[in-house]
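**Student:** First the structure, which I've put down as C-alpha cells, then a few questions once you've had a look.
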Protein chains: 2
Amino acid sequence: MNDRAMVYRRKYNIPSEWGTAVNVQAMVYGNTGDNSGSGVAFTRDPATGEKVFYGEFLINAQGEDVVAGVRTPEPVAQLNNHLPEAFTELDNIRKTLEKHFKDVQDFEFTIQDGKVFMLQTRNGKRTGLAAVRFAIEMEKEKLIDWKTAIRRVPADQLDQVLAPIFDRKAVKDAKCIAKGLPAGPGAASGKMYMNADRAVEAAAKGEKVLLVRNETSPEDLRGMIAAEGILTAKGGVSSHAALVARQMGKVCVCGAAALQIDYTDRTMTVDGNTYNEGDFISINGTAGEVYPGALPTAASEVVQVLVEKSLAPKESKTYQMFEKLMTWCSKVTRLQVRTNADTPEQTANAVAFGASGIGLCRTEHMFFEGDRIDAMREMILAENKDDRKAALAKLLPYQREDFVGIFKELKGLPATIRFLDPPLHEFLPHDHAQQNDLAEKMGISVDKIAHRVKELHEFNPMLGFRGCRLGLVFPEISEMQARAVFEAAAQVQKSGTKVKPEIMIPLVGFKRELDLQVELVHRVAKEVMAEKKMKLNYLVGTMIEVPRGALTADEIAHTAEFFSFGTNDLTQTCLGMSRDDSGSFLPPYQELEIVKKNPFASIDQTGVGQLMKIAVEKGQTTRPDIKLGICGEHGGDPDSVKFCHRIGLTYVSCSPFRVPVARLAAAQAALEQESKVVKSNGGLARGGFSKKSVKRGSLKRA
Amino acid sequence: MNDRAMVYRRKYNIPSEWGTAVNVQAMVYGNTGDNSGSGVAFTRDPATGEKVFYGEFLINAQGEDVVAGVRTPEPVAQLNNHLPEAFTELDNIRKTLEKHFKDVQDFEFTIQDGKVFMLQTRNGKRTGLAAVRFAIEMEKEKLIDWKTAIRRVPADQLDQVLAPIFDRKAVKDAKCIAKGLPAGPGAASGKMYMNADRAVEAAAKGEKVLLVRNETSPEDLRGMIAAEGILTAKGGVSSHAALVARQMGKVCVCGAAALQIDYTDRTMTVDGNTYNEGDFISINGTAGEVYPGALPTAASEVVQVLVEKSLAPKESKTYQMFEKLMTWCSKVTRLQVRTNADTPEQTANAVAFGASGIGLCRTEHMFFEGDRIDAMREMILAENKDDRKAALAKLLPYQREDFVGIFKELKGLPATIRFLDPPLHEFLPHDHAQQNDLAEKMGISVDKIAHRVKELHEFNPMLGFRGCRLGLVFPEISEMQARAVFEAAAQVQKSGTKVKPEIMIPLVGFKRELDLQVELVHRVAKEVMAEKKMKLNYLVGTMIEVPRGALTADEIAHTAEFFSFGTNDLTQTCLGMSRDDSGSFLPPYQELEIVKKNPFASIDQTGVGQLMKIAVEKGQTTRPDIKLGICGEHGGDPDSVKFCHRIGLTYVSCSPFRVPVARLAAAQAALEQESKVVKSNGGLARGGFSKKSVKRGSLKRA
C-alpha cells in the first residue's frame, strides 16, 4: 500500500473487505502531468440533494492537494473540458456505485496518465434537505423501497428542512462574533433588545426584533413571542429560552458565553466591540452563531406551505418531498405524536405538521399575557380564600377562551391539559422597580409585595411548592381551571366540534394527592354538565415526573386514567441534577465520558428509562389499558422517541416544529422493531402482528 | 350501662372482653355522701417511674368532677385518712392489676358507700424516664423478662432520659411566647444573639448564649457551637439548624413562625413585645416552646456520667438503669449503630453512648473553623489549578489533624469519611459587608468576589454542582482529602492504634463517577503508603442518595466496597421535595393525610424504601458481602432503624445523642424479627439461626 492510500484508509476508516472492490493497494500518481489529476466527488449534491455529479478536482495533483486548499480546485463538471474520457468513465462509475450501494457515495479518485483509479468510496454525508431528496428520488428510481427511504433520513436532520435559513453568500461574507449552543434551529435577524417590554414595543412598531438576555424567565415570554429569535449569554439547550423557543419554533442561540450583556447600559460587548440596543444582529440557531448586522432570511418552503400558507403545495418540490415522507411514516408508525402547545396558533401549527393531539398544554403560560398577569398576581397576593377566589374569577374567562380556541383548532383530537405547575413566586416581579409599579397598580404597599416575594422565596424551587401541591393547598385554583376546561368543552361541543379533554395533575408522588384532585375535577365536571345540560367525555390522569410516582405507579393507576412521563423533571430528580445548573459540570462530564449525551436532550435510558419501565409495568398491572405518554422535551429527540416506542408508550409529545422529526423517528422505531421481529422469526414472519402483540413483545425485549 | 360508664367506655375505648373483669354495667355513684368518692390512679408514678401508688380522688363526687377541675382533688395516699378500708382494697387491686397485666395501669374507681368499684383500667402513659424505670424494676421483680423490658421502652422517648430539663415549677410560672418545632430535645437558656460572630464573642466572654436566626447556614456553625441552643423562625425538623443541633446534642426550636426577627435592629418581636439582642430567653426543644427570661436547666444524669464525666455511675440510679437497658440491647441486636460525627469530641461522646464507629464524617464542617475558612475561600476564588492547589495545601494540615483526633477517639473502630459535598457558594459570604471584609483580607477586589458569588449562584443548589461533581471537576480537592485521611491514618497507626478509614464518595449516580474518584483515592493511598513505608487498610465506597445510584447499584457495586444510603437527599430526590422548602406544604399534607409522617423525619418506606430495597438487592447481586449502611438523619428514627434492620443493612448512623435511641430500636427490631421467626416456625424454633440466614429471611419478607 502506498502512503497516500494508507492515509486515506486511516482517514476514512476503509473496511478491509474493500480490498477487492477498490484499488487502494496500487501505487497511483495524479501528478504525472496534465493527463493526470485527483479529485473528491459525490454521486449527488450533498447540500441540496440534486441528482448532479458533484465535486472538485485538480489537474496534475495528488489527492492531498485537493484537500489542502493550496491550489483552488475546479468543479468536477469542468473535468469534461480537460479529460473527457476520464470524466465519462467517472460519471459511469458514479452510477455503478449508486446501483451497488443503493446510497449516495462520497468517493476519491486519481487519474494517472488518463487512467481512472478509484481510491475509496463511502456513504456521503448530507444535509437534512439532501437526505430527504436522496430518499424520495432514489425510491422513485427504484434504487430503494419506501421503508428504506424512511430509514435513510436521520430524524434529527429533518428540522433543517423546516428551519428558516440565511442566504449562504451573506453568511460567507459576514464575521461570526460569538458561538453558543444551537438551541432553536434556523436563522433570524433583527434589532436587539434586552428587555421584554422594549422588545414588545419595538415589534409593535413593526421592527424585527431579537431578544438578547443573560437568560430568560417566564416574565420574558411576551418579549420572546414578539422576537424573531432569542440570544442568551447563559443557559443550555434545555434552558427556559431554548425550551420556549423550540416550542414556538423560534430561532435561538443559548449560552453564547463570550457576550457581556449590560442591562443598565443596554449594551452587548464582545471581543472589545460594543453593540447597542437597537443595533441589528443575526443569529444562526442551527449552527449556534452570532453575526453583527442583518443577514437576509426566509421561512422554509414547508413552513410557507403548512404554517404561513403563503405557498401552494404544488409550487414547492421540498414540501412535496416532505409530505411524501410523512405519508410513508404514517403507514408504519405505531407510536402517536402529539404536541406541546399552549395557544390556538401553536395547536394549528402542530396539527398542520401531523400532530395527533396535544400531549401537554401548560396552562401557566396563559397567565402571562396582557392583563392576566395582574389577576394572577392579585390571586397570589390575596390574604384569604375569598380574595383568592375573586382574583381567580377574573382569570376564568381568559382561561376558558384559550381552551375554546385550542379545542376548535384540534377538531376532535385529544388535548392533555396540565394544571398549574410552577411555583407562585415565578409570577411575581423580583426587582424593586417592578414591585413599585405593581404596588401602584394594585393600590397596595410595596412592602407587602416585597414581603410576599420573600415569603415565597425557595432554596430549591424545582423541589418546592409547585405542581399538585398548589392545587391541594389552594383547591380553588384547580377548581377554576377545571371549570374553565369544562365550560370551554361544553361551548365547543355545542357548536358541533368534538372535544376530548384529558386533565393532567402534575408532580404526583402519592396516590392520595391524585385522589383528592380527581375528586375535585369530577365534582366540577358534574356541576358544569348539570348547568349546561350536556354530557362531556374527559379523562383525568397524572404526570409521572418524580421517582416516587414511578415507583408507586401501581397504586396511582387505580385513580389515573393515563400517565404522561414528565421526563424533564424525572431526569432532574432521578439524577439529582438541576437542568438550569448543570452547565457547570455537564461539559466536563461529557469530556470524562461519565455521560455520553446530555440527559436533558436525550433520555438517560439506563436510569430514567428504568423508572419509566417500572412505571409502565406497574401501571399496566393495575390498569392494563392505561394510556401512556411522554411530554418532556425528550419527545422531540429521535433516540428518546425510539425508546418510548420500545417500552410500549401510546404517544410522545413535543413542540410543534419537532412533530415531523418525532413522526419520522416513530416510523423508524416501528421499522427497527419489524426487522427485529422478522429476524427472531427466522425471516419468515411478515408483519402480521396485532399492535398489541408487537407492543407486548417490545416490552419484554426492552 | 349508666351514662358515666358509657362515657368512660367511649373515652377510653374499653374492649368488650372487659365486661366480666370490670364492672361497667352497674350503676355506681360516688356522690352519695362522705363514704363515697371517685378517683383516677396509676399503679406507679408515670412521671418519675417510682413504685408508689399515684393518683388523685375526691370525696362525695362523680368521676367527672375529678377530671373537670372544679374542685381540687387530693393525692390518692390521703384516701387512707378518709376511707382506710377502701384505700387498702385499692392498694391490693393495684398490685393485682400489675400481676395480671404485667404493666403499669392507669385506672378509674368509684367508692359507693364504702364499697370500691373499678370502672376501667388500661396501660398507663408514661414519660421516657418512667418507661425506663418501669421496665428495669419490673424485670427485677420478675413481672417481665429482659426482652419484654426492651420492648417496653418507646425508643423515641429514650432521649428524654438524655436531655437537659427545665425546672418544672419555673416552667409553670413562665409564659410561653411562641411555639415552634421541637427540633433538638432538651432545655436551654441564654442571652439571645442574632449573628454567629457576636454569639461567639459573647460566649468567649463566658456568657450563656442562644443563637436566634431566621434560619441557619454553614456560616453560622461557629455560632451554633458557641450557643446553648438554637432558635429559628423558619425551617423544619430537618433544616440545617435542626440537623446540626441534633448532631451536636444542642437544644433547638425551629420554625417558630410567630417570631419576627430583624437583623438590622437586632430585635425579635412577637405579639407586640420586642426583645433585644442580649436579652435572656429560654427554649424547650422537647416541647418546641419559647420563653422570655432564663429558666434554670441541668444536664441529664446519663450525660453527666458518660459525657461530662461529672457524676460517678454508682451515684446515679438513672444512669444505672440506662446502662442495664443498653447492655440488654447489645445481647440481641444485629444491626450496628454508628454515629455522624465531625470532631474528636463528638466522636468521643458517641463512643461513650455505644456507637460502633463513625457512619458519616462530613468533612466540609471542618472548613468553617477559625482560619480554615480563609484557605477554603482562597481555593474557591483561585483562577487556576496551581492557585487552587496552593490553597488546598494550606487546608491539608488542618484536615489531617482533625482525622488524627477522630481516629484516636475511635480506638480502632471504623470511620466513614465523606468527601466534600456542599456546593462551593456555601463557603462564600453573600452580603456586601462580608464580601468587603474578605476582599480586604485577601487583597483582591470586592468585585471579583461578588462576580464569583454570582457565577456560583444556582437555581437549585440541592441538585447542582456538589458532591462528587466537585471532586471530578476539581480532582485536586479529592486528592488533598485522600492525602489527609491516609497521612492521619499512618500517623495514628504508627502510634499503635488501629485505624479503619472508609472513604465515601457522595452523590454518585453513574458508575464512572465512582470509578474515577476511586482510582484517584487508590493512587494517593499508594503514594502515602510508599512515603510512610507502611500498609494501611481502607475501604472506598459511595453514598446512594440519588435514585439513579439506587437503580444502577449493580453497576456501582463493581467499584463500591460499601453503600451508605444518604436518605436525606434520597428523600428529596425520590419525592421531588426540598427539605428546606417543604414547610409550606407538608403541614397541610399531613392534615390531608397525604403523608402520615414527615418523610424527612421517618423514612418513606413505600417510595424511598423501595429504592433502598432495589439498591440492596442489586448491590448484593454484584457483591454479595457488600457493607450496607445509612447515614441520613433517619438513622436516629426508631421506625426507620427497624426498616433498615428488615432490609438487611449492616448499620445505621445517627447523631451522637441519638445513638442510644437507635441502639434500643435496633434491639427491638431484632426482637420483632425473632418473634416473627418463632411464629412462622410454629413456635418451635429457638433462635438457632445464623445471622446470615436471618438476614436473608428478612429480605424476602420485607
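Convention: chains lettered A, B, ... in C-alpha cells order; per-chain residue numbering from 1; ligands numbered from 1 as shown.
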May I have a table of the residues of chain B lying at most 6 Å from chain A, giving each one's closest pair of atoms and their distance in Å to one decimal, counting only C-alpha atoms, ordered by chain and ascending residue number, as CSV?
**Tutor:**
residue,atom,partner,partner_atom,distance
B:Glu458,CA,A:Asp581,CA,5.9
B:Asn460,CA,A:Asn460,CA,4.4
B:Leu463,CA,A:Met577,CA,4.5
B:Gly464,CA,A:Asp581,CA,5.5
B:Arg512,CA,A:Ile594,CA,5.6
B:Val546,CA,A:Gly576,CA,5.6
B:Pro547,CA,A:Cys574,CA,4.9
B:Arg548,CA,A:Gly607,CA,5.2
B:Thr573,CA,A:Thr573,CA,4.8
B:Cys574,CA,A:Pro547,CA,4.9
B:Leu575,CA,A:Arg548,CA,5.5
B:Gly576,CA,A:Leu463,CA,5.0
B:Met577,CA,A:Leu463,CA,4.5
B:Ser578,CA,A:Leu463,CA,4.8
B:Asp581,CA,A:Gly464,CA,5.5
B:Ile594,CA,A:Arg512,CA,5.5
B:Gly607,CA,A:Arg548,CA,5.2
**Student:** Output all heavy atoms of each residue in that selection to a file, as a CSV table (one decimal), in the first residue's frame.
**Tutor:**
chain,number,residue,atom,x,y,z
B,458,GLU,N,-26.8,29.3,42.1
B,458,GLU,CA,-27.5,28.2,41.5
B,458,GLU,C,-29.0,28.3,41.8
B,458,GLU,O,-29.4,28.8,42.8
B,458,GLU,CB,-27.0,26.8,42.0
B,458,GLU,CG,-25.6,26.6,41.6
B,458,GLU,CD,-25.2,25.2,41.9
B,458,GLU,OE1,-25.3,24.7,43.1
B,458,GLU,OE2,-24.7,24.5,41.0
B,460,ASN,N,-31.1,25.7,41.8
B,460,ASN,CA,-31.5,24.6,42.7
B,460,ASN,C,-30.2,24.0,43.2
B,460,ASN,O,-29.8,22.9,42.7
B,460,ASN,CB,-32.3,23.6,42.0
B,460,ASN,CG,-33.6,24.1,41.5
B,460,ASN,OD1,-34.5,24.3,42.3
B,460,ASN,ND2,-33.8,24.4,40.2
B,463,LEU,N,-29.5,20.3,43.7
B,463,LEU,CA,-29.3,19.5,42.5
B,463,LEU,C,-28.2,20.0,41.6
B,463,LEU,O,-28.2,19.8,40.4
B,463,LEU,CB,-30.6,19.4,41.7
B,463,LEU,CG,-31.9,19.1,42.4
B,463,LEU,CD1,-33.1,19.3,41.4
B,463,LEU,CD2,-31.9,17.7,42.9
B,464,GLY,N,-27.3,20.7,42.3
B,464,GLY,CA,-26.3,21.5,41.5
B,464,GLY,C,-24.9,20.9,41.5
B,464,GLY,O,-24.7,19.7,41.6
B,512,ARG,N,-19.2,5.4,36.5
B,512,ARG,CA,-17.9,6.0,36.1
B,512,ARG,C,-17.5,7.2,37.1
B,512,ARG,O,-16.3,7.5,37.2
B,512,ARG,CB,-17.9,6.5,34.7
B,512,ARG,CG,-16.6,6.8,34.1
B,512,ARG,CD,-16.4,6.9,32.6
B,512,ARG,NE,-15.3,7.6,32.3
B,512,ARG,CZ,-14.0,7.2,32.3
B,512,ARG,NH1,-13.8,6.0,32.7
B,512,ARG,NH2,-13.0,8.0,32.0
B,546,VAL,N,-29.0,9.5,45.2
B,546,VAL,CA,-29.9,9.9,44.1
B,546,VAL,C,-30.5,8.6,43.6
B,546,VAL,O,-29.9,7.6,43.6
B,546,VAL,CB,-29.2,10.7,43.0
B,546,VAL,CG1,-28.7,12.0,43.6
B,546,VAL,CG2,-28.1,9.9,42.4
B,547,PRO,N,-31.8,8.7,43.1
B,547,PRO,CA,-32.4,7.5,42.6
B,547,PRO,C,-31.6,6.7,41.5
B,547,PRO,O,-31.5,5.5,41.6
B,547,PRO,CB,-33.7,8.0,42.0
B,547,PRO,CG,-34.0,9.2,42.8
B,547,PRO,CD,-32.7,9.8,43.1
B,548,ARG,N,-30.9,7.4,40.7
B,548,ARG,CA,-30.1,6.7,39.7
B,548,ARG,C,-29.0,5.8,40.3
B,548,ARG,O,-28.7,4.8,39.8
B,548,ARG,CB,-29.4,7.7,38.7
B,548,ARG,CG,-29.0,7.0,37.4
B,548,ARG,CD,-28.2,7.9,36.5
B,548,ARG,NE,-28.1,7.3,35.1
B,548,ARG,CZ,-27.3,6.4,34.8
B,548,ARG,NH1,-26.4,5.9,35.7
B,548,ARG,NH2,-27.3,5.9,33.6
B,573,THR,N,-34.9,13.8,46.5
B,573,THR,CA,-34.9,13.5,45.0
B,573,THR,C,-36.1,12.5,44.7
B,573,THR,O,-36.8,12.7,43.7
B,573,THR,CB,-33.6,12.9,44.5
B,573,THR,OG1,-33.1,11.9,45.4
B,573,THR,CG2,-32.6,14.0,44.5
B,574,CYS,N,-36.3,11.5,45.5
B,574,CYS,CA,-37.3,10.5,45.2
B,574,CYS,C,-38.7,11.1,45.3
B,574,CYS,O,-39.6,10.8,44.5
B,574,CYS,CB,-37.2,9.3,46.2
B,574,CYS,SG,-38.5,8.1,46.0
B,575,LEU,N,-38.9,12.1,46.2
B,575,LEU,CA,-40.2,12.7,46.3
B,575,LEU,C,-40.3,14.0,45.6
B,575,LEU,O,-41.3,14.6,45.5
B,575,LEU,CB,-40.5,13.0,47.8
B,575,LEU,CG,-41.1,11.8,48.6
B,575,LEU,CD1,-40.3,10.5,48.5
B,575,LEU,CD2,-41.3,12.2,50.1
B,576,GLY,N,-39.1,14.5,45.0
B,576,GLY,CA,-39.1,15.8,44.4
B,576,GLY,C,-39.5,16.9,45.4
B,576,GLY,O,-40.3,17.7,45.1
B,577,MET,N,-38.9,16.8,46.6
B,577,MET,CA,-39.4,17.6,47.7
B,577,MET,C,-38.2,18.2,48.4
B,577,MET,O,-37.4,17.4,49.0
B,577,MET,CB,-40.2,16.8,48.6
B,577,MET,CG,-41.3,17.5,49.4
B,577,MET,SD,-42.1,16.3,50.4
B,577,MET,CE,-43.5,15.9,49.4
B,578,SER,N,-38.0,19.5,48.4
B,578,SER,CA,-36.9,20.1,49.0
B,578,SER,C,-37.2,20.2,50.5
B,578,SER,O,-38.2,20.7,51.0
B,578,SER,CB,-36.7,21.5,48.5
B,578,SER,OG,-35.9,22.3,49.4
B,581,ASP,N,-37.8,23.6,51.8
B,581,ASP,CA,-38.9,24.4,51.3
B,581,ASP,C,-40.2,23.7,51.6
B,581,ASP,O,-41.3,24.2,51.2
B,581,ASP,CB,-38.8,24.6,49.8
B,581,ASP,CG,-37.5,25.3,49.4
B,581,ASP,OD1,-37.2,26.3,50.1
B,581,ASP,OD2,-36.8,24.9,48.5
B,594,ILE,N,-52.1,13.0,53.2
B,594,ILE,CA,-51.3,12.5,52.1
B,594,ILE,C,-50.0,11.9,52.6
B,594,ILE,O,-49.6,10.8,52.1
B,594,ILE,CB,-51.0,13.7,51.2
B,594,ILE,CG1,-52.3,14.3,50.5
B,594,ILE,CG2,-50.0,13.3,50.1
B,594,ILE,CD1,-52.2,15.6,49.9
B,607,GLY,N,-41.9,4.6,49.1
B,607,GLY,CA,-41.2,5.2,48.0
B,607,GLY,C,-39.7,5.1,48.2
B,607,GLY,O,-39.0,4.3,47.5
**Student:** May I have all residues of region 311-441 of chain A that DSSP, computed from the backbone, assigns to strand (DSSP E or B), given as a list in words?
**Tutor:**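 Answer for region 311-441 of chain A restricted to strand (DSSP E or B) is Gln336, Val337, Arg338, Thr339, Asn340, Ile358, Gly359, Leu360, Cys361, Arg362, Pro414, Ala415, Thr416, Ile417 and Arg418 of chain A.
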**Student:** Using only C-alpha atoms, which residues sit within 12 Å of Glu201 (chain B) once same-chain residues fewer than 3 positions away are excluded, as a list of chain:residue names?
**Tutor:** B:Tyr193, B:Asn195, B:Ala196, B:Asp197, B:Arg198, B:Ala204, B:Lys205, B:Gly206, B:Glu207, B:Lys208, B:Val209, B:Leu211, B:Arg222, B:Gly223, B:Ile225, B:Ala226, B:Ala227, B:Gly278
**Student:** Suppose we keep N, CA and C atoms; can you now write the selection as a short mmCIF file (atom, residue, chain, number, x, y, z; two decimals), in the first residue's frame?
**Tutor:**
data_model
loop_
_atom_site.label_atom_id
_atom_site.label_comp_id
_atom_site.auth_asym_id
_atom_site.auth_seq_id
_atom_site.Cartn_x
_atom_site.Cartn_y
_atom_site.Cartn_z
N TYR B 193 -28.51 36.01 70.63
CA TYR B 193 -27.68 36.71 69.65
C TYR B 193 -28.13 36.31 68.27
N ASN B 195 -26.40 36.71 65.40
CA ASN B 195 -25.30 36.64 64.44
C ASN B 195 -24.23 35.76 65.06
N ALA B 196 -23.65 34.89 64.25
CA ALA B 196 -22.71 33.89 64.75
C ALA B 196 -21.50 34.56 65.41
N ASP B 197 -20.96 35.60 64.76
CA ASP B 197 -19.77 36.24 65.30
C ASP B 197 -20.01 36.80 66.70
N ARG B 198 -21.14 37.52 66.84
CA ARG B 198 -21.43 38.12 68.14
C ARG B 198 -21.73 37.06 69.18
N ALA B 204 -17.37 33.66 74.34
CA ALA B 204 -15.97 33.73 74.74
C ALA B 204 -15.83 34.52 76.05
N LYS B 205 -16.73 35.45 76.23
CA LYS B 205 -16.72 36.24 77.48
C LYS B 205 -17.36 35.49 78.63
N GLY B 206 -17.82 34.27 78.34
CA GLY B 206 -18.40 33.46 79.41
C GLY B 206 -19.92 33.56 79.50
N GLU B 207 -20.53 34.28 78.55
CA GLU B 207 -22.00 34.36 78.59
C GLU B 207 -22.62 33.07 78.10
N LYS B 208 -23.78 32.74 78.63
CA LYS B 208 -24.58 31.66 78.04
C LYS B 208 -25.38 32.29 76.90
N VAL B 209 -25.32 31.65 75.76
CA VAL B 209 -25.82 32.28 74.55
C VAL B 209 -26.84 31.39 73.85
N LEU B 211 -28.46 31.20 69.99
CA LEU B 211 -28.38 31.78 68.65
C LEU B 211 -29.80 31.85 68.07
N ARG B 222 -20.04 28.23 63.74
CA ARG B 222 -19.28 28.61 64.94
C ARG B 222 -20.22 29.16 66.00
N GLY B 223 -21.20 29.91 65.53
CA GLY B 223 -22.18 30.46 66.47
C GLY B 223 -23.00 29.37 67.12
N ILE B 225 -22.01 26.31 67.62
CA ILE B 225 -21.14 25.61 68.56
C ILE B 225 -21.08 26.38 69.88
N ALA B 226 -21.00 27.70 69.75
CA ALA B 226 -20.86 28.54 70.94
C ALA B 226 -22.14 28.61 71.76
N ALA B 227 -23.27 28.34 71.11
CA ALA B 227 -24.56 28.57 71.78
C ALA B 227 -25.04 27.37 72.57
N GLY B 278 -29.14 40.20 73.37
CA GLY B 278 -28.57 40.27 74.72
C GLY B 278 -29.58 39.95 75.81
#
**Student:** Apply DSSP to the backbone of this structure and, from region 402-626 of chain B, keep only the residues in helix (DSSP H, G or I); write these as a ChimeraX atom specification.
**Tutor:** /B:402-410,424-427,432-442,446-456,461-463,468-473,475-494,511-532,547-551,553-556,567-575,582-584,586-591,608-622
**Student:** Determine, counting only C-alpha atoms, which protein, DNA and RNA residues have an atom within 8 Å of an atom of region 501-505 of chain B; residues of the same chain fewer than 3 positions away are not included. Present the result as JSON, numbers by chain.
**Tutor:** {"B": [414, 415, 416, 417, 418, 419, 467, 468, 485, 489, 508, 514, 517, 537, 538, 539, 540, 541, 542, 543]}
